[in-house]
$ cat target-v6.pdb   # PDB, C-alpha atoms
ATOM      1  CA  MET A   1     148.392  48.471  98.212  1.00  0.00           C
ATOM      2  CA  THR A   2     145.888  49.553  95.531  1.00  0.00           C
ATOM      3  CA  ASN A   3     143.301  47.027  96.726  1.00  0.00           C
ATOM      4  CA  THR A   4     143.588  48.427 100.253  1.00  0.00           C
ATOM      5  CA  ARG A   5     142.939  51.960  98.988  1.00  0.00           C
ATOM      6  CA  ILE A   6     139.940  50.798  96.992  1.00  0.00           C
ATOM      7  CA  TYR A   7     138.594  48.945 100.040  1.00  0.00           C
ATOM      8  CA  PHE A   8     138.919  52.048 102.253  1.00  0.00           C
ATOM      9  CA  PHE A   9     137.345  54.218  99.546  1.00  0.00           C
ATOM     10  CA  VAL A  10     134.354  51.859  99.240  1.00  0.00           C
ATOM     11  CA  VAL A  11     133.894  51.690 103.028  1.00  0.00           C
ATOM     12  CA  PHE A  12     134.181  55.483 103.269  1.00  0.00           C
ATOM     13  CA  ALA A  13     131.646  55.968 100.455  1.00  0.00           C
ATOM     14  CA  MET A  14     129.196  53.577 102.152  1.00  0.00           C
ATOM     15  CA  MET A  15     129.521  55.375 105.490  1.00  0.00           C
ATOM     16  CA  LEU A  16     129.022  58.715 103.782  1.00  0.00           C
ATOM     17  CA  SER A  17     125.868  57.504 102.006  1.00  0.00           C
ATOM     18  CA  VAL A  18     124.410  56.170 105.272  1.00  0.00           C
ATOM     19  CA  TYR A  19     125.097  59.506 106.967  1.00  0.00           C
ATOM     20  CA  ALA A  20     123.584  61.446 104.047  1.00  0.00           C
ATOM     21  CA  CYS A  21     120.376  59.398 104.257  1.00  0.00           C
ATOM     22  CA  LYS A  22     119.875  60.193 107.925  1.00  0.00           C
ATOM     23  CA  LYS A  23     116.321  61.436 108.386  1.00  0.00           C
ATOM     24  CA  GLU A  24     115.932  65.035 109.521  1.00  0.00           C
ATOM     25  CA  THR A  25     114.230  65.315 112.886  1.00  0.00           C
ATOM     26  CA  ILE A  26     111.352  67.764 113.004  1.00  0.00           C
ATOM     27  CA  ALA A  27     110.712  69.591 116.264  1.00  0.00           C
ATOM     28  CA  PRO A  28     107.159  68.750 117.399  1.00  0.00           C
ATOM     29  CA  GLU A  29     106.710  71.818 119.586  1.00  0.00           C
ATOM     30  CA  PRO A  30     105.698  75.235 118.268  1.00  0.00           C
ATOM     31  CA  GLU A  31     108.202  78.095 118.283  1.00  0.00           C
ATOM     32  CA  ILE A  32     107.215  81.667 119.096  1.00  0.00           C
ATOM     33  CA  ALA A  33     108.929  85.065 119.048  1.00  0.00           C
ATOM     34  CA  PHE A  34     107.978  88.479 120.390  1.00  0.00           C
ATOM     35  CA  VAL A  35     106.934  91.028 117.743  1.00  0.00           C
ATOM     36  CA  SER A  36     105.351  93.934 119.616  1.00  0.00           C
ATOM     37  CA  ALA A  37     103.305  95.126 122.594  1.00  0.00           C
ATOM     38  CA  SER A  38     101.315  98.336 122.708  1.00  0.00           C
ATOM     39  CA  PRO A  39     100.805 100.467 124.685  1.00  0.00           C
ATOM     40  CA  LEU A  40     103.535  99.972 127.283  1.00  0.00           C
ATOM     41  CA  VAL A  41     102.002 102.532 129.664  1.00  0.00           C
ATOM     42  CA  VAL A  42      98.356 101.876 130.555  1.00  0.00           C
ATOM     43  CA  THR A  43      95.723 103.384 132.820  1.00  0.00           C
ATOM     44  CA  GLN A  44      94.186 100.790 135.106  1.00  0.00           C
ATOM     45  CA  PHE A  45      90.660  99.605 134.264  1.00  0.00           C
ATOM     46  CA  LYS A  46      90.806 101.594 131.005  1.00  0.00           C
ATOM     47  CA  ASP A  47      93.480 100.498 128.520  1.00  0.00           C
ATOM     48  CA  SER A  48      93.920  97.093 126.896  1.00  0.00           C
ATOM     49  CA  ILE A  49      97.284  95.855 125.643  1.00  0.00           C
ATOM     50  CA  GLU A  50      97.795  94.268 122.239  1.00  0.00           C
ATOM     51  CA  VAL A  51     100.672  91.804 122.107  1.00  0.00           C
ATOM     52  CA  VAL A  52     101.738  90.415 118.740  1.00  0.00           C
ATOM     53  CA  ILE A  53     103.758  87.201 118.566  1.00  0.00           C
ATOM     54  CA  SER A  54     105.021  85.239 115.591  1.00  0.00           C
ATOM     55  CA  TYR A  55     104.704  81.459 115.524  1.00  0.00           C
ATOM     56  CA  LYS A  56     106.091  78.513 113.584  1.00  0.00           C
ATOM     57  CA  ASP A  57     104.850  74.956 113.881  1.00  0.00           C
ATOM     58  CA  ASN A  58     106.007  71.964 111.858  1.00  0.00           C
ATOM     59  CA  THR A  59     102.818  69.973 112.412  1.00  0.00           C
ATOM     60  CA  GLY A  60     100.213  72.754 112.288  1.00  0.00           C
ATOM     61  CA  ASP A  61      98.362  71.531 115.356  1.00  0.00           C
ATOM     62  CA  ILE A  62      97.948  74.876 117.108  1.00  0.00           C
ATOM     63  CA  GLY A  63      94.478  75.729 118.374  1.00  0.00           C
ATOM     64  CA  ASP A  64      91.439  73.629 119.117  1.00  0.00           C
ATOM     65  CA  GLU A  65      87.788  73.521 118.048  1.00  0.00           C
ATOM     66  CA  SER A  66      86.639  73.172 121.649  1.00  0.00           C
ATOM     67  CA  ALA A  67      86.347  76.490 123.478  1.00  0.00           C
ATOM     68  CA  ASN A  68      87.165  74.557 126.663  1.00  0.00           C
ATOM     69  CA  GLU A  69      90.716  73.874 125.437  1.00  0.00           C
ATOM     70  CA  PHE A  70      93.230  76.600 126.230  1.00  0.00           C
ATOM     71  CA  SER A  71      96.282  76.904 124.002  1.00  0.00           C
ATOM     72  CA  LEU A  72      97.870  80.139 125.174  1.00  0.00           C
ATOM     73  CA  ALA A  73      99.280  80.978 128.606  1.00  0.00           C
ATOM     74  CA  VAL A  74      99.955  84.605 129.586  1.00  0.00           C
ATOM     75  CA  LYS A  75     101.556  85.175 132.974  1.00  0.00           C
ATOM     76  CA  ASP A  76     101.670  88.586 134.637  1.00  0.00           C
ATOM     77  CA  SER A  77     104.951  88.750 136.584  1.00  0.00           C
ATOM     78  CA  ARG A  78     103.057  90.134 139.586  1.00  0.00           C
ATOM     79  CA  LEU A  79     100.915  87.003 139.859  1.00  0.00           C
ATOM     80  CA  ALA A  80     101.640  83.377 140.753  1.00  0.00           C
ATOM     81  CA  HIS A  81      99.652  81.742 137.937  1.00  0.00           C
ATOM     82  CA  PRO A  82      99.039  82.490 134.245  1.00  0.00           C
ATOM     83  CA  ASP A  83      95.770  83.269 132.527  1.00  0.00           C
ATOM     84  CA  PHE A  84      94.828  80.883 129.728  1.00  0.00           C
ATOM     85  CA  TYR A  85      93.245  81.708 126.384  1.00  0.00           C
ATOM     86  CA  HIS A  86      91.513  79.680 123.697  1.00  0.00           C
ATOM     87  CA  ILE A  87      92.835  79.729 120.117  1.00  0.00           C
ATOM     88  CA  GLN A  88      90.846  78.484 117.118  1.00  0.00           C
ATOM     89  CA  PRO A  89      92.651  75.905 114.918  1.00  0.00           C
ATOM     90  CA  LEU A  90      95.154  77.569 112.606  1.00  0.00           C
ATOM     91  CA  THR A  91      94.960  74.905 109.873  1.00  0.00           C
ATOM     92  CA  PRO A  92      91.892  73.872 107.858  1.00  0.00           C
ATOM     93  CA  ASP A  93      90.248  70.682 109.084  1.00  0.00           C
ATOM     94  CA  ASN A  94      93.095  70.159 111.581  1.00  0.00           C
ATOM     95  CA  LYS A  95      95.473  69.157 108.759  1.00  0.00           C
ATOM     96  CA  LYS A  96      99.136  68.435 109.511  1.00  0.00           C
ATOM     97  CA  LEU A  97     100.853  71.328 107.745  1.00  0.00           C
ATOM     98  CA  LYS A  98     103.951  73.373 108.423  1.00  0.00           C
ATOM     99  CA  ILE A  99     102.595  76.794 109.380  1.00  0.00           C
ATOM    100  CA  GLU A 100     103.888  80.187 110.444  1.00  0.00           C
ATOM    101  CA  GLY A 101     102.305  83.555 111.027  1.00  0.00           C
ATOM    102  CA  GLU A 102     101.423  86.095 113.671  1.00  0.00           C
ATOM    103  CA  LEU A 103      98.896  86.090 116.495  1.00  0.00           C
ATOM    104  CA  LYS A 104      97.431  89.232 118.038  1.00  0.00           C
ATOM    105  CA  ILE A 105      96.609  88.809 121.706  1.00  0.00           C
ATOM    106  CA  LYS A 106      94.356  91.322 123.436  1.00  0.00           C
ATOM    107  CA  ILE A 107      95.063  91.602 127.145  1.00  0.00           C
ATOM    108  CA  ASN A 108      92.015  93.166 128.773  1.00  0.00           C
ATOM    109  CA  THR A 109      92.320  96.058 131.141  1.00  0.00           C
ATOM    110  CA  MET A 110      95.027  95.712 133.740  1.00  0.00           C
ATOM    111  CA  PHE A 111      94.859  97.039 137.280  1.00  0.00           C
ATOM    112  CA  LEU A 112      97.073  97.894 140.228  1.00  0.00           C
ATOM    113  CA  LEU A 113      97.444  95.114 142.781  1.00  0.00           C
ATOM    114  CA  GLY A 114      98.982  97.196 145.543  1.00  0.00           C
ATOM    115  CA  THR A 115      98.234 100.567 147.099  1.00  0.00           C
ATOM    116  CA  GLY A 116     100.731 102.590 145.056  1.00  0.00           C
ATOM    117  CA  THR A 117      99.965 104.807 142.081  1.00  0.00           C
ATOM    118  CA  THR A 118     102.050 102.823 139.554  1.00  0.00           C
ATOM    119  CA  GLU A 119     103.250  99.272 139.097  1.00  0.00           C
ATOM    120  CA  THR A 120     105.286  97.523 136.458  1.00  0.00           C
ATOM    121  CA  THR A 121     104.926  94.057 135.060  1.00  0.00           C
ATOM    122  CA  ILE A 122     106.276  91.795 132.342  1.00  0.00           C
ATOM    123  CA  LEU A 123     104.068  89.309 130.535  1.00  0.00           C
ATOM    124  CA  THR A 124     105.453  85.831 129.853  1.00  0.00           C
ATOM    125  CA  ILE A 125     103.739  84.009 126.999  1.00  0.00           C
ATOM    126  CA  LYS A 126     103.831  80.432 125.729  1.00  0.00           C
ATOM    127  CA  LEU A 127     101.782  78.419 123.258  1.00  0.00           C
ATOM    128  CA  LYS A 128     100.595  74.792 123.447  1.00  0.00           C
ATOM    129  CA  ASP A 129      99.698  72.553 120.513  1.00  0.00           C
ATOM    130  CA  ARG A 130      97.028  69.848 120.488  1.00  0.00           C
ATOM    131  CA  GLU A 131      99.612  67.162 121.335  1.00  0.00           C
ATOM    132  CA  GLY A 132     100.408  69.023 124.572  1.00  0.00           C
ATOM    133  CA  ASN A 133     103.810  70.342 123.431  1.00  0.00           C
ATOM    134  CA  TRP A 134     104.602  73.773 124.875  1.00  0.00           C
ATOM    135  CA  SER A 135     106.553  76.331 122.885  1.00  0.00           C
ATOM    136  CA  ASN A 136     109.437  78.355 124.175  1.00  0.00           C
ATOM    137  CA  GLU A 137     108.534  81.265 126.472  1.00  0.00           C
ATOM    138  CA  ILE A 138     108.760  84.882 125.410  1.00  0.00           C
ATOM    139  CA  LYS A 139     108.580  88.048 127.474  1.00  0.00           C
ATOM    140  CA  THR A 140     107.208  91.478 126.739  1.00  0.00           C
ATOM    141  CA  PRO A 141     109.052  94.657 127.596  1.00  0.00           C
ATOM    142  CA  VAL A 142     108.170  96.260 130.921  1.00  0.00           C
ATOM    143  CA  ILE A 143     104.565  97.469 131.062  1.00  0.00           C
ATOM    144  CA  THR A 144     103.690 100.334 133.428  1.00  0.00           C
ATOM    145  CA  ILE A 145     100.218 100.438 134.981  1.00  0.00           C
ATOM    146  CA  GLN A 146      98.997 103.788 136.379  1.00  0.00           C
TER
END

$ encode --input "target-v6.pdb" --output "structure tokens"
Amino acid sequence: MTNTRIYFFVVFAMMLSVYACKKETIAPEPEIAFVSASPLVVTQFKDSIEVVISYKDNTGDIGDESANEFSLAVKDSRLAHPDFYHIQPLTPDNKKLKIEGELKIKINTMFLLGTGTTETTILTIKLKDREGNWSNEIKTPVITIQ
């Protein structure tokens, strides 16, 4: 009976050690969160909007040296397609580092699409790393355009 208990204890200990050595998986895609947007009421053709987002990336491959590479998508809910923006590399010499911080995004003057005197929109934002991995999407609060 004692040998059986010892056998089960040894097998259990081996299984536990294998489980404990399991390598942690690191998410390759960046993660973003909404911080702020200001102002939330703008005059068309006059006011810009500053959106601040926080980011985390386990591989540090956000941004690109080439100005022809667009890493940020901002979609106005009134439109069918997003606008794309270039971001400079956020790590020195494109090193693979775990990074986090905040990005300030300036949305140039907005305008009314229809014939009314006010419209509302929500901006949906996502970030792409150099490997082509897209982050989660975030949304701003409602923005009123006058």

$ atom_distance --input "target-v6.pdb" --atom1 "CA of Glu137 in chain A" --atom2 "CA of Leu90 in chain A"
19.6 Å

$ closest_residue --input "target-v6.pdb" --among "A:Gly116, A:Pro141, A:Gly63, A:Pro28" --to "Ser77 in chain A" --atoms "all atoms listed in the file"
A:Pro141

$ resolve_selection --input "target-v6.pdb" --expression "the PyMOL selection byres ((chain A and resi 85) around 7)" --output "number ranges by chain"
A: 70-73, 83-84, 86-87

$ write_last_selection --input "target-v6.pdb" --atoms "C-alpha atoms" --output "PDB file, in the frame of the given file"
ATOM      1  CA  PHE A  70      93.230  76.600 126.230  1.00  0.00           C
ATOM      2  CA  SER A  71      96.282  76.904 124.002  1.00  0.00           C
ATOM      3  CA  LEU A  72      97.870  80.139 125.174  1.00  0.00           C
ATOM      4  CA  ALA A  73      99.280  80.978 128.606  1.00  0.00           C
ATOM      5  CA  ASP A  83      95.770  83.269 132.527  1.00  0.00           C
ATOM      6  CA  PHE A  84      94.828  80.883 129.728  1.00  0.00           C
ATOM      7  CA  HIS A  86      91.513  79.680 123.697  1.00  0.00           C
ATOM      8  CA  ILE A  87      92.835  79.729 120.117  1.00  0.00           C
TER       9      ILE A  87
END

$ residues_near_point --input "target-v6.pdb" --point "(101.6, 86.7, 118.4)" --cutoff "12 Å" --atoms "all atoms listed in the file" --output "PDB file with C-alpha atoms, in the frame of the given file"
ATOM      1  CA  GLU A  31     108.202  78.095 118.283  1.00  0.00           C
ATOM      2  CA  ILE A  32     107.215  81.667 119.096  1.00  0.00           C
ATOM      3  CA  ALA A  33     108.929  85.065 119.048  1.00  0.00           C
ATOM      4  CA  PHE A  34     107.978  88.479 120.390  1.00  0.00           C
ATOM      5  CA  VAL A  35     106.934  91.028 117.743  1.00  0.00           C
ATOM      6  CA  SER A  36     105.351  93.934 119.616  1.00  0.00           C
ATOM      7  CA  ALA A  37     103.305  95.126 122.594  1.00  0.00           C
ATOM      8  CA  GLU A  50      97.795  94.268 122.239  1.00  0.00           C
ATOM      9  CA  VAL A  51     100.672  91.804 122.107  1.00  0.00           C
ATOM     10  CA  VAL A  52     101.738  90.415 118.740  1.00  0.00           C
ATOM     11  CA  ILE A  53     103.758  87.201 118.566  1.00  0.00           C
ATOM     12  CA  SER A  54     105.021  85.239 115.591  1.00  0.00           C
ATOM     13  CA  TYR A  55     104.704  81.459 115.524  1.00  0.00           C
ATOM     14  CA  LYS A  56     106.091  78.513 113.584  1.00  0.00           C
ATOM     15  CA  LEU A  72      97.870  80.139 125.174  1.00  0.00           C
ATOM     16  CA  ALA A  73      99.280  80.978 128.606  1.00  0.00           C
ATOM     17  CA  VAL A  74      99.955  84.605 129.586  1.00  0.00           C
ATOM     18  CA  ILE A  87      92.835  79.729 120.117  1.00  0.00           C
ATOM     19  CA  GLU A 100     103.888  80.187 110.444  1.00  0.00           C
ATOM     20  CA  GLY A 101     102.305  83.555 111.027  1.00  0.00           C
ATOM     21  CA  GLU A 102     101.423  86.095 113.671  1.00  0.00           C
ATOM     22  CA  LEU A 103      98.896  86.090 116.495  1.00  0.00           C
ATOM     23  CA  LYS A 104      97.431  89.232 118.038  1.00  0.00           C
ATOM     24  CA  ILE A 105      96.609  88.809 121.706  1.00  0.00           C
ATOM     25  CA  LYS A 106      94.356  91.322 123.436  1.00  0.00           C
ATOM     26  CA  ILE A 107      95.063  91.602 127.145  1.00  0.00           C
ATOM     27  CA  ILE A 125     103.739  84.009 126.999  1.00  0.00           C
ATOM     28  CA  LYS A 126     103.831  80.432 125.729  1.00  0.00           C
ATOM     29  CA  LEU A 127     101.782  78.419 123.258  1.00  0.00           C
ATOM     30  CA  GLU A 137     108.534  81.265 126.472  1.00  0.00           C
ATOM     31  CA  ILE A 138     108.760  84.882 125.410  1.00  0.00           C
ATOM     32  CA  LYS A 139     108.580  88.048 127.474  1.00  0.00           C
ATOM     33  CA  THR A 140     107.208  91.478 126.739  1.00  0.00           C
TER      34      THR A 140
END

$ closest_residue --input "target-v6.pdb" --among "A:Thr59, A:Thr117, A:Thr124, A:Asn133" --to "Gln146 in chain A" --atoms "all atoms listed in the file"
A:Thr117

$ atom_distance --input "target-v6.pdb" --atom1 "CA of Leu113 in chain A" --atom2 "CA of Phe45 in chain A"
11.8 Å

$ residues_around --input "target-v6.pdb" --residues "Leu40 in chain A" --least-positions-apart "6" --cutoff "7 Å" --atoms "only C-alpha atoms" --output "JSON, numbers by chain"
{"A": [142, 143, 144]}

$ atom_distance --input "target-v6.pdb" --atom1 "CA of Asp76 in chain A" --atom2 "CA of Ile122 in chain A"
6.1 Å

$ closest_residue --input "target-v6.pdb" --among "A:Val41, A:Glu29, A:Ser48, A:Ser66" --to "Thr120 in chain A" --atoms "all atoms listed in the file"
A:Val41

$ residues_around --input "target-v6.pdb" --residues "Thr43 in chain A" --least-positions-apart "3" --cutoff "7 Å" --atoms "all atoms listed in the file" --output "list in words"
Lys46, Asp47, Ile145 and Gln146 of chain A

$ closest_residue --input "target-v6.pdb" --among "A:Ala27, A:Ile62, A:Met110, A:Ala67" --to "Pro89 in chain A" --atoms "all atoms listed in the file"
A:Ile62

$ resolve_selection --input "target-v6.pdb" --expression "the PyMOL selection byres ((chain A and resi 130) around 7)" --output "PyMOL selection string"
chain A and resi 61-64+128-129+131-132

$ closest_residue --input "target-v6.pdb" --among "A:Glu119, A:Ser135, A:Thr109, A:Leu97" --to "Ile49 in chain A" --atoms "all atoms listed in the file"
A:Thr109

$ resolve_selection --input "target-v6.pdb" --expression "the PyMOL selection byres ((chain A and resi 57) around 6)" --output "list of chain:residue names"
A:Pro30, A:Lys56, A:Asn58, A:Thr59, A:Gly60, A:Lys98, A:Ile99

$ axis_aligned_box --input "target-v6.pdb" --around "range 111-116 of chain A" --padding-each-side "8 Å" --output "AutoDock Vina command-line options"
--center_x 97.8 --center_y 98.9 --center_z 142.2 --size_x 21.9 --size_y 23.5 --size_z 25.8

$ decode --input "target-v6.pdb" --residues "range 110-137 of chain A" --atoms "C-alpha atoms" --output "mmCIF file, in the first residue's frame"
data_model
loop_
_atom_site.group_PDB
_atom_site.id
_atom_site.type_symbol
_atom_site.label_atom_id
_atom_site.label_comp_id
_atom_site.auth_asym_id
_atom_site.auth_seq_id
_atom_site.Cartn_x
_atom_site.Cartn_y
_atom_site.Cartn_z
ATOM 1 C CA MET A 110 -14.069 68.003 -38.980
ATOM 2 C CA PHE A 111 -17.010 69.080 -41.105
ATOM 3 C CA LEU A 112 -20.709 68.439 -41.580
ATOM 4 C CA LEU A 113 -21.535 65.858 -44.233
ATOM 5 C CA GLY A 114 -25.233 66.616 -44.512
ATOM 6 C CA THR A 115 -27.314 69.768 -44.790
ATOM 7 C CA GLY A 116 -28.179 70.086 -41.094
ATOM 8 C CA THR A 117 -26.593 72.440 -38.585
ATOM 9 C CA THR A 118 -25.188 69.704 -36.301
ATOM 10 C CA GLU A 119 -24.059 66.114 -36.610
ATOM 11 C CA THR A 120 -22.647 63.604 -34.186
ATOM 12 C CA THR A 121 -19.996 60.996 -34.710
ATOM 13 C CA ILE A 122 -17.918 58.453 -32.829
ATOM 14 C CA LEU A 123 -14.330 57.712 -33.780
ATOM 15 C CA THR A 124 -13.181 54.085 -33.790
ATOM 16 C CA ILE A 125 -9.427 53.643 -33.452
ATOM 17 C CA LYS A 126 -7.081 50.684 -33.843
ATOM 18 C CA LEU A 127 -3.321 50.263 -34.048
ATOM 19 C CA LYS A 128 -1.237 47.941 -36.253
ATOM 20 C CA ASP A 129 2.279 46.696 -35.534
ATOM 21 C CA ARG A 130 4.978 45.979 -38.113
ATOM 22 C CA GLU A 131 4.031 42.278 -38.209
ATOM 23 C CA GLY A 132 0.521 43.258 -39.347
ATOM 24 C CA ASN A 133 -1.198 42.455 -36.028
ATOM 25 C CA TRP A 134 -4.114 44.788 -35.295
ATOM 26 C CA SER A 135 -4.927 45.854 -31.758
ATOM 27 C CA ASN A 136 -8.346 45.849 -30.213
ATOM 28 C CA GLU A 137 -10.662 48.686 -31.285
#
